[in-house]
$ cat data28.cif   # mmCIF, C-alpha atoms and all ligand atoms
data_query
#
loop_
_atom_site.label_atom_id
_atom_site.label_comp_id
_atom_site.auth_asym_id
_atom_site.auth_seq_id
_atom_site.Cartn_x
_atom_site.Cartn_y
_atom_site.Cartn_z
CA MET O 269 130.38 162.89 -152.07
CA TYR O 270 126.61 163.14 -151.97
CA GLY O 271 124.69 164.59 -154.89
CA ILE O 272 121.76 166.97 -154.68
CA ASP O 273 119.60 163.91 -155.43
CA SER O 274 120.20 162.85 -151.81
CA VAL O 275 117.76 165.51 -150.60
CA THR O 276 114.69 163.32 -151.29
CA PRO O 277 115.85 160.18 -149.43
CA THR O 278 117.06 162.42 -146.60
CA VAL O 279 113.66 164.07 -146.19
CA CYS O 280 111.90 160.69 -146.43
CA LYS O 281 114.13 159.17 -143.77
CA LEU O 282 113.71 162.17 -141.46
CA MET O 283 109.91 162.00 -141.82
CA ASN O 284 109.86 158.19 -141.66
CA ILE O 285 108.03 157.68 -144.95
CA PRO O 286 108.85 155.39 -147.92
CA GLU O 287 111.04 156.89 -150.64
CA PRO O 288 109.55 157.49 -154.08
CA GLU O 289 109.76 154.42 -156.28
CA GLY O 290 112.93 154.60 -158.34
CA ALA O 291 114.92 156.79 -155.95
CA THR O 292 118.53 155.63 -155.96
CA ALA O 293 120.40 158.27 -153.94
CA GLU O 294 121.46 157.65 -150.36
CA PRO O 295 120.13 159.65 -147.41
CA ILE O 296 122.71 162.08 -146.02
CA LYS O 297 124.06 160.49 -142.83
CA GLU O 298 125.39 163.77 -141.46
CA VAL O 299 121.75 164.91 -141.33
CA THR O 300 119.76 161.76 -140.54
CA GLU O 301 122.08 160.69 -137.72
CA LYS O 302 121.47 163.97 -135.93
CA ALA O 303 117.70 163.50 -135.86
CA GLU O 304 116.45 162.72 -132.37
CA GLU O 305 112.81 162.23 -133.32
CA ILE O 306 110.68 161.78 -136.41
CA VAL O 307 110.43 165.10 -138.23
CA GLU O 308 106.83 166.37 -138.41
CA LYS O 309 107.32 169.67 -140.24
CA ALA O 310 109.72 170.71 -143.00
CA LEU O 311 110.53 173.98 -144.71
CA LEU O 312 112.74 173.58 -147.79
CA TYR O 313 114.08 176.80 -149.29
CA ALA O 314 115.41 176.50 -152.84
CA PRO O 315 117.40 179.54 -153.99
CA ASP O 316 118.53 179.24 -157.60
CA ALA O 317 122.21 179.25 -158.63
CA ILE O 318 124.04 179.75 -155.33
CA GLY O 319 127.29 177.83 -155.76
CA GLU O 320 129.99 176.79 -153.34
CA TRP O 321 132.35 179.48 -154.64
CA LEU O 322 129.77 182.15 -153.75
CA PHE O 323 129.58 180.72 -150.23
CA GLN O 324 133.38 180.75 -149.98
CA ALA O 325 133.51 184.38 -151.15
CA HIS O 326 130.78 185.51 -148.71
CA LYS O 327 131.10 183.08 -145.79
CA ASP O 328 130.53 185.74 -143.15
CA GLU O 329 127.18 186.65 -144.64
CA PHE O 330 125.86 183.12 -144.10
CA ILE O 331 125.80 183.63 -140.34
CA HIS O 332 121.99 183.53 -140.10
CA VAL O 333 121.70 180.64 -142.53
CA ILE O 334 124.13 178.66 -140.38
CA GLU O 335 122.38 179.72 -137.20
CA ALA O 336 119.09 178.24 -138.44
CA ALA O 337 120.62 175.35 -140.37
CA PRO O 338 124.04 174.45 -138.92
CA ILE O 339 124.60 171.08 -140.61
CA GLN O 340 126.61 171.88 -143.73
CA VAL O 341 126.93 169.34 -146.53
CA GLU O 342 128.96 169.88 -149.67
CA VAL O 343 127.06 168.24 -152.51
CA ARG O 344 127.47 167.78 -156.22
CA SER O 345 124.96 169.19 -158.68
CA MET O 346 123.64 167.17 -161.63
CA THR O 347 124.84 167.30 -165.24
CA PRO O 348 123.96 169.21 -167.26
CA SER O 349 123.68 171.75 -164.45
CA TYR O 350 120.40 173.39 -165.47
CA THR O 351 117.62 174.15 -163.03
CA PRO O 352 114.96 171.62 -164.18
CA VAL O 353 117.59 168.85 -164.44
CA CYS O 354 118.80 169.66 -160.93
CA TYR O 355 115.50 170.11 -159.10
CA GLY O 356 114.21 167.08 -161.02
CA SER O 357 116.92 165.09 -159.26
CA MET O 358 116.67 166.87 -155.93
CA PHE O 359 112.97 166.05 -155.57
CA THR O 360 112.98 162.50 -156.97
CA GLY O 361 116.23 161.03 -155.63
CA MET O 362 117.09 160.01 -159.18
CA LYS O 363 119.78 160.87 -161.69
CA PRO O 364 118.67 162.88 -164.76
CA GLU O 365 118.74 159.84 -167.07
CA ALA O 366 116.30 158.11 -164.71
CA HIS O 367 113.82 160.95 -164.17
CA GLY O 368 113.98 162.00 -167.82
CA ILE O 369 114.90 165.69 -167.68
CA ASN O 370 118.44 165.62 -169.03
CA LYS O 371 118.58 168.96 -170.81
CA TYR O 372 116.95 172.37 -170.43
CA MET O 373 113.26 171.45 -170.70
CA LYS O 374 110.31 171.58 -168.34
CA PRO O 375 107.92 168.68 -168.92
CA VAL O 376 105.78 167.33 -166.08
CA LEU O 377 107.80 164.51 -164.55
CA LYS O 378 106.37 161.04 -165.15
CA VAL O 379 108.32 159.30 -162.39
CA GLU O 380 107.51 159.25 -158.68
CA THR O 381 108.66 162.34 -156.84
CA LEU O 382 109.14 163.34 -153.24
CA PHE O 383 105.74 165.00 -153.53
CA ASP O 384 104.03 161.75 -154.52
CA ALA O 385 105.73 159.99 -151.62
CA LEU O 386 104.63 162.70 -149.18
CA ALA O 387 101.04 162.74 -150.47
CA LYS O 388 100.84 158.92 -150.25
CA ALA O 389 101.96 159.14 -146.65
CA GLY O 390 99.14 161.58 -145.92
CA LYS O 391 101.33 164.67 -145.65
CA ARG O 392 100.06 168.07 -146.70
CA VAL O 393 102.49 169.79 -149.07
CA ALA O 394 102.65 173.37 -150.38
CA LEU O 395 104.88 174.10 -153.35
CA VAL O 396 105.39 177.85 -153.64
CA ALA O 397 107.22 179.06 -156.73
CA VAL O 398 107.52 181.81 -159.31
CA LYS O 399 105.14 181.37 -162.26
CA ASP O 400 106.55 179.24 -165.10
CA CYS O 401 109.84 178.46 -163.36
CA SER O 402 111.05 174.85 -163.42
CA ILE O 403 109.73 173.97 -159.97
CA ASP O 404 106.37 175.52 -160.80
CA LEU O 405 105.96 173.27 -163.86
CA ILE O 406 107.75 169.91 -163.58
CA PHE O 407 106.02 168.72 -160.37
CA ARG O 408 102.43 169.41 -161.50
CA GLU O 409 99.62 166.83 -161.36
CA ARG O 410 100.43 165.66 -157.84
CA ASP O 411 98.09 165.60 -154.87
CA ILE O 412 99.65 168.68 -153.30
CA ASP O 413 98.84 172.40 -153.27
CA TYR O 414 100.50 174.69 -155.81
CA TYR O 415 101.00 178.38 -155.15
CA THR O 416 102.15 180.14 -158.29
CA GLU O 417 103.42 183.63 -157.59
CA GLU O 418 104.49 186.63 -159.64
CA TYR O 419 108.04 186.82 -158.30
CA ASP O 420 110.26 186.18 -155.27
CA PRO O 421 108.65 188.73 -152.87
CA GLN O 422 105.21 187.20 -153.46
CA VAL O 423 106.66 183.72 -152.83
CA VAL O 424 108.00 184.93 -149.50
CA GLU O 425 104.70 186.64 -148.59
CA ARG O 426 102.80 183.47 -149.45
CA VAL O 427 104.99 181.25 -147.32
CA LEU O 428 104.72 183.64 -144.36
CA LYS O 429 100.95 183.63 -144.76
CA LEU O 430 100.81 179.83 -144.94
CA LEU O 431 102.92 179.61 -141.80
CA GLU O 432 100.48 181.94 -140.08
CA ASP O 433 97.09 180.75 -141.31
CA ASP O 434 97.55 177.20 -142.54
CA ASP O 435 99.19 174.01 -141.35
CA TYR O 436 101.25 172.25 -144.01
CA ASP O 437 103.63 169.40 -143.16
CA VAL O 438 106.09 170.34 -145.91
CA ILE O 439 106.57 173.69 -147.60
CA VAL O 440 108.92 174.13 -150.57
CA ALA O 441 109.76 177.75 -151.44
CA TYR O 442 111.66 178.65 -154.59
CA ASN O 443 113.43 181.98 -155.33
CA GLN O 444 115.21 182.96 -158.54
CA GLU O 445 116.30 186.61 -158.52
CA TYR O 446 120.04 185.95 -158.18
CA ASP O 447 119.92 183.57 -161.15
CA ASP O 448 117.94 186.05 -163.23
CA LEU O 449 120.27 188.96 -162.51
CA MET O 450 123.55 187.08 -162.90
CA HIS O 451 122.42 185.84 -166.34
CA GLY O 452 121.94 189.48 -167.33
CA SER O 453 125.29 190.58 -165.90
CA THR O 454 127.86 188.41 -164.14
CA PRO O 455 127.73 186.25 -161.01
CA THR O 456 129.67 188.90 -159.07
CA ALA O 457 127.94 192.02 -160.44
CA PRO O 458 126.72 194.31 -157.64
CA GLU O 459 123.05 193.91 -158.57
CA ALA O 460 123.38 190.12 -158.62
CA ILE O 461 125.12 190.12 -155.25
CA GLU O 462 122.32 192.26 -153.81
CA ALA O 463 119.82 189.64 -154.99
CA PHE O 464 121.94 186.89 -153.42
CA ARG O 465 121.84 188.83 -150.15
CA ARG O 466 118.07 189.07 -150.40
CA HIS O 467 117.94 185.26 -150.62
CA LEU O 468 120.02 185.01 -147.44
CA GLY O 469 117.73 187.52 -145.72
CA THR O 470 114.65 185.68 -146.92
CA PHE O 471 115.89 182.42 -145.45
CA LYS O 472 116.40 184.13 -142.10
CA LYS O 473 112.89 185.58 -142.20
CA LEU O 474 111.28 182.27 -143.19
CA ALA O 475 113.28 180.39 -140.56
CA GLU O 476 112.09 182.75 -137.83
CA ALA O 477 108.45 182.38 -138.88
CA PHE O 478 108.76 178.59 -139.18
CA ASN O 479 110.49 178.25 -135.82
CA THR O 480 107.93 180.46 -134.09
CA ARG O 481 104.97 178.64 -135.57
CA TYR O 482 106.25 175.13 -134.86
CA SER O 483 108.27 175.77 -131.74
CA ASP O 484 106.92 172.66 -130.02
CA THR O 485 107.26 170.33 -133.03
CA TYR O 486 110.30 168.36 -134.21
CA ARG O 487 111.18 170.01 -137.50
CA VAL O 488 113.72 170.47 -140.26
CA ILE O 489 114.64 173.53 -142.28
CA ALA O 490 117.02 173.44 -145.23
CA PHE O 491 118.74 175.81 -147.66
CA LEU O 492 119.02 173.90 -150.94
CA PRO O 493 120.49 175.58 -154.05
CA ASP O 494 120.56 173.62 -157.30
CA HIS O 495 123.84 174.57 -159.00
CA GLY O 496 126.52 177.25 -159.15
CA THR O 497 127.53 179.66 -161.91
CA HIS O 498 130.45 180.82 -164.02
CA VAL O 499 131.16 183.56 -166.54
CA ASP O 500 130.63 182.39 -170.11
CA PRO O 501 133.83 183.40 -171.95
CA GLU O 502 131.88 184.00 -175.18
CA THR O 503 129.18 186.30 -173.86
CA GLY O 504 130.98 187.61 -170.79
CA LYS O 505 127.78 186.97 -168.83
CA GLY O 506 126.77 184.67 -166.01
CA SER O 507 125.89 181.13 -167.00
CA HIS O 508 125.74 177.48 -165.87
CA GLY O 509 125.12 174.08 -167.40
CA THR O 510 128.72 172.83 -167.59
CA ASP O 511 130.34 170.17 -165.42
CA GLY O 512 133.02 172.58 -164.18
CA PRO O 513 133.44 172.95 -160.41
CA ASP O 514 131.96 176.47 -160.29
CA ASP O 515 128.69 175.08 -161.66
CA MET O 516 128.76 171.66 -159.95
CA GLU O 517 129.76 172.38 -156.37
CA VAL O 518 127.04 173.53 -154.00
CA ARG O 519 126.60 173.56 -150.26
CA HIS O 520 123.39 172.58 -148.50
CA PHE O 521 122.46 173.65 -144.99
CA TRP O 522 120.15 171.65 -142.72
CA GLY O 523 118.76 172.44 -139.30
CA LEU O 524 116.88 170.06 -137.00
CA SER O 525 115.18 171.40 -133.93
CA LYS O 526 112.55 171.31 -131.30
CA GLY O 527 111.93 174.18 -128.93
CA GLU O 528 112.88 177.81 -129.49
ZN ZN R 1 120.06 180.01 -164.56
#

$ encode --input "data28.cif" --output "structure tokens"
Amino acid sequence: MYGIDSVTPTVCKLMNIPEPEGATAEPIKEVTEKAEEIVEKALLYAPDAIGEWLFQAHKDEFIHVIEAAPIQVEVRSMTPSYTPVCYGSMFTGMKPEAHGINKYMKPVLKVETLFDALAKAGKRVALVAVKDCSIDLIFRERDIDYYTEEYDPQVVERVLKLLEDDDYDVIVAYNQEYDDLMHGSTPTAPEAIEAFRRHLGTFKKLAEAFNTRYSDTYRVIAFLPDHGTHVDPETGKGSHGTDGPDDMEVRHFWGLSKGE
């Protein structure tokens, strides 16, 4: 089974650029073999804490995610399953012991990342994230553009604006409301589920804008959560960080297209 660290080599292979130095994960064949041309534009949506069990419980609601990104790949998260550990691996192609974030901490990564590889290859990258979240902090000091936003809605607005007025080769957009709310309640609490639904709706909206803007360009869009969740028996609240299946199993969705 692939790990979430396979995202970086997959993107590099699709865009025909060298992988970051130190990347060890394999590109995901189910994705790369479907590519008919070199990918010129990529939109990577990273919603926090959407696990495989949540997909299984709400399959029908993924209809628009699957429409935009029909290639489904079950992947394994990283241990310990905390956000900076996971996205550290997702955007370097390395295991936590190799990239150095192996517990809940948010230092700037010292190893080569997908963003270094993209910048070296002359690609323009926008990283759009909520202020002080893992993704906002651990990939700093690269030759890419950082958009630090107040919260999820501003992230979405920013990406829509960039798709309208600018011309990036790769956009990474991070959202965290489901994770925030499930930590304060449980992963199946109504308010958390509403936030999860907003992430699904956001992906649909971003996919439409991306597809409209780059309708004549070979492109990839992906839905890339970092880990799942479980209820902590001690607090009774939503949590993650263990190597249990509810935390470790996630599903990624990829869509390759040209034309409307
Ligand atoms: Zn969390």

$ atom_distance --input "data28.cif" --atom1 "CA of Gly271 (chain O)" --atom2 "CA of Arg426 (chain O)"
29.4 Å

$ residues_around --input "data28.cif" --residues "region 453-465 of chain O" --least-positions-apart "6" --cutoff "9 Å" --atoms "all atoms listed in the file" --output "list of chain:residue names"
O:Pro315, O:Ile318, O:Leu322, O:Glu329, O:Gln444, O:Glu445, O:Tyr446, O:Asp447, O:Thr497, O:His498, O:Val499, O:Asp500, O:Gly504, O:Lys505, O:Gly506, O:Ser507

$ residues_near_ligand --input "data28.cif" --ligand "ligand ZN 1 (chain R)" --cutoff "8 Å" --atoms "all atoms listed in the file" --output "PyMOL selection string"
chain O and resi 316-317+350-351+447-448+451+497+507-508

$ residues_around --input "data28.cif" --residues "His520 (chain O)" --least-positions-apart "5" --cutoff "7 Å" --atoms "all atoms listed in the file" --output "list in words"
Gln340, Val341, Glu342, Val343, Phe491, Leu492 and Pro493 of chain O

$ residues_around --input "data28.cif" --residues "region 290-298 of chain O" --least-positions-apart "4" --cutoff "6 Å" --atoms "only C-alpha atoms" --output "PyMOL selection string"
chain O and resi 273-274+277-278+361-362

$ decode --input "data28.cif" --residues "region 405-519 of chain O" --atoms "C-alpha atoms" --output "mmCIF file, in the first residue's frame"
data_model
loop_
_atom_site.group_PDB
_atom_site.id
_atom_site.type_symbol
_atom_site.label_atom_id
_atom_site.label_comp_id
_atom_site.auth_asym_id
_atom_site.auth_seq_id
_atom_site.Cartn_x
_atom_site.Cartn_y
_atom_site.Cartn_z
ATOM 1 C CA LEU O 405 5.066 27.186 8.850
ATOM 2 C CA ILE O 406 7.108 24.090 7.958
ATOM 3 C CA PHE O 407 7.616 24.905 4.246
ATOM 4 C CA ARG O 408 8.850 28.494 4.728
ATOM 5 C CA GLU O 409 12.078 29.869 3.219
ATOM 6 C CA ARG O 410 11.464 28.405 -0.229
ATOM 7 C CA ASP O 411 11.346 30.281 -3.505
ATOM 8 C CA ILE O 412 7.557 30.148 -3.698
ATOM 9 C CA ASP O 413 4.715 32.510 -2.778
ATOM 10 C CA TYR O 414 3.058 32.189 0.627
ATOM 11 C CA TYR O 415 -0.490 33.334 1.240
ATOM 12 C CA THR O 416 -1.279 33.274 4.931
ATOM 13 C CA GLU O 417 -4.981 33.633 5.608
ATOM 14 C CA GLU O 418 -7.183 34.128 8.651
ATOM 15 C CA TYR O 419 -9.227 30.950 8.224
ATOM 16 C CA ASP O 420 -10.659 28.490 5.696
ATOM 17 C CA PRO O 421 -13.057 30.899 3.896
ATOM 18 C CA GLN O 422 -10.207 33.338 3.241
ATOM 19 C CA VAL O 423 -8.062 30.473 1.913
ATOM 20 C CA VAL O 424 -10.824 29.595 -0.530
ATOM 21 C CA GLU O 425 -11.314 33.239 -1.566
ATOM 22 C CA ARG O 426 -7.575 33.605 -2.126
ATOM 23 C CA VAL O 427 -7.338 30.526 -4.312
ATOM 24 C CA LEU O 428 -10.329 31.641 -6.390
ATOM 25 C CA LYS O 429 -8.703 35.028 -6.832
ATOM 26 C CA LEU O 430 -5.373 33.494 -7.840
ATOM 27 C CA LEU O 431 -7.159 31.311 -10.376
ATOM 28 C CA GLU O 432 -8.799 34.408 -11.793
ATOM 29 C CA ASP O 433 -6.019 37.002 -11.740
ATOM 30 C CA ASP O 434 -2.759 35.100 -11.569
ATOM 31 C CA ASP O 435 -1.130 32.150 -13.283
ATOM 32 C CA TYR O 436 0.524 29.696 -10.906
ATOM 33 C CA ASP O 437 1.684 26.256 -12.048
ATOM 34 C CA VAL O 438 0.941 24.636 -8.684
ATOM 35 C CA ILE O 439 -1.463 25.804 -5.992
ATOM 36 C CA VAL O 440 -1.665 24.077 -2.602
ATOM 37 C CA ALA O 441 -4.732 24.977 -0.515
ATOM 38 C CA TYR O 442 -5.090 23.872 3.091
ATOM 39 C CA ASN O 443 -8.316 23.802 5.162
ATOM 40 C CA GLN O 444 -8.677 22.841 8.822
ATOM 41 C CA GLU O 445 -12.188 23.473 10.140
ATOM 42 C CA TYR O 446 -13.217 19.815 10.424
ATOM 43 C CA ASP O 447 -10.072 19.054 12.437
ATOM 44 C CA ASP O 448 -10.637 22.056 14.703
ATOM 45 C CA LEU O 449 -14.266 21.208 15.405
ATOM 46 C CA MET O 450 -13.819 17.467 15.909
ATOM 47 C CA HIS O 451 -11.074 18.152 18.487
ATOM 48 C CA GLY O 452 -13.594 20.245 20.403
ATOM 49 C CA SER O 453 -16.361 17.647 20.126
ATOM 50 C CA THR O 454 -16.174 14.276 18.385
ATOM 51 C CA PRO O 455 -15.437 13.239 14.794
ATOM 52 C CA THR O 456 -19.144 12.549 14.212
ATOM 53 C CA ALA O 457 -20.608 15.558 16.062
ATOM 54 C CA PRO O 458 -23.086 17.481 13.885
ATOM 55 C CA GLU O 459 -20.974 20.653 13.846
ATOM 56 C CA ALA O 460 -17.883 18.692 12.809
ATOM 57 C CA ILE O 461 -19.795 16.918 10.056
ATOM 58 C CA GLU O 462 -21.038 20.277 8.772
ATOM 59 C CA ALA O 463 -17.414 21.440 8.531
ATOM 60 C CA PHE O 464 -16.491 18.231 6.700
ATOM 61 C CA ARG O 465 -19.290 18.962 4.232
ATOM 62 C CA ARG O 466 -17.922 22.463 3.723
ATOM 63 C CA HIS O 467 -14.575 20.907 2.750
ATOM 64 C CA LEU O 468 -16.334 18.736 0.167
ATOM 65 C CA GLY O 469 -18.187 21.786 -1.163
ATOM 66 C CA THR O 470 -14.989 23.809 -1.267
ATOM 67 C CA PHE O 471 -13.265 21.167 -3.352
ATOM 68 C CA LYS O 472 -16.129 21.252 -5.838
ATOM 69 C CA LYS O 473 -15.950 25.036 -6.060
ATOM 70 C CA LEU O 474 -12.167 25.084 -6.484
ATOM 71 C CA ALA O 475 -12.316 22.300 -9.068
ATOM 72 C CA GLU O 476 -14.837 24.232 -11.142
ATOM 73 C CA ALA O 477 -12.725 27.395 -11.062
ATOM 74 C CA PHE O 478 -9.533 25.463 -11.858
ATOM 75 C CA ASN O 479 -11.147 23.548 -14.719
ATOM 76 C CA THR O 480 -12.647 26.710 -16.206
ATOM 77 C CA ARG O 481 -9.410 28.654 -16.014
ATOM 78 C CA TYR O 482 -7.203 25.916 -17.458
ATOM 79 C CA SER O 483 -9.679 24.187 -19.727
ATOM 80 C CA ASP O 484 -7.144 23.915 -22.557
ATOM 81 C CA THR O 485 -4.215 22.774 -20.393
ATOM 82 C CA TYR O 486 -3.304 19.260 -19.239
ATOM 83 C CA ARG O 487 -3.839 19.407 -15.494
ATOM 84 C CA VAL O 488 -4.213 17.508 -12.245
ATOM 85 C CA ILE O 489 -6.418 18.167 -9.255
ATOM 86 C CA ALA O 490 -6.192 16.185 -6.027
ATOM 87 C CA PHE O 491 -7.980 15.841 -2.686
ATOM 88 C CA LEU O 492 -5.277 14.956 -0.153
ATOM 89 C CA PRO O 493 -6.138 14.578 3.551
ATOM 90 C CA ASP O 494 -3.319 13.858 5.994
ATOM 91 C CA HIS O 495 -4.781 11.445 8.567
ATOM 92 C CA GLY O 496 -8.039 10.240 10.091
ATOM 93 C CA THR O 497 -9.462 10.574 13.602
ATOM 94 C CA HIS O 498 -10.811 8.597 16.538
ATOM 95 C CA VAL O 499 -12.482 9.333 19.861
ATOM 96 C CA ASP O 500 -9.987 9.517 22.710
ATOM 97 C CA PRO O 501 -11.415 7.219 25.409
ATOM 98 C CA GLU O 502 -9.981 9.428 28.169
ATOM 99 C CA THR O 503 -11.352 12.783 27.060
ATOM 100 C CA GLY O 504 -14.290 11.552 24.987
ATOM 101 C CA LYS O 505 -13.214 14.009 22.292
ATOM 102 C CA GLY O 506 -11.901 13.716 18.753
ATOM 103 C CA SER O 507 -8.203 13.008 18.421
ATOM 104 C CA HIS O 508 -5.474 11.457 16.231
ATOM 105 C CA GLY O 509 -1.799 10.617 16.492
ATOM 106 C CA THR O 510 -2.084 6.853 17.063
ATOM 107 C CA ASP O 511 -1.262 4.091 14.594
ATOM 108 C CA GLY O 512 -4.790 2.676 14.743
ATOM 109 C CA PRO O 513 -6.649 2.229 11.450
ATOM 110 C CA ASP O 514 -9.092 5.096 12.079
ATOM 111 C CA ASP O 515 -6.133 7.493 12.229
ATOM 112 C CA MET O 516 -3.900 5.814 9.627
ATOM 113 C CA GLU O 517 -6.206 5.016 6.731
ATOM 114 C CA VAL O 518 -6.976 7.803 4.293
ATOM 115 C CA ARG O 519 -8.195 7.976 0.730
#
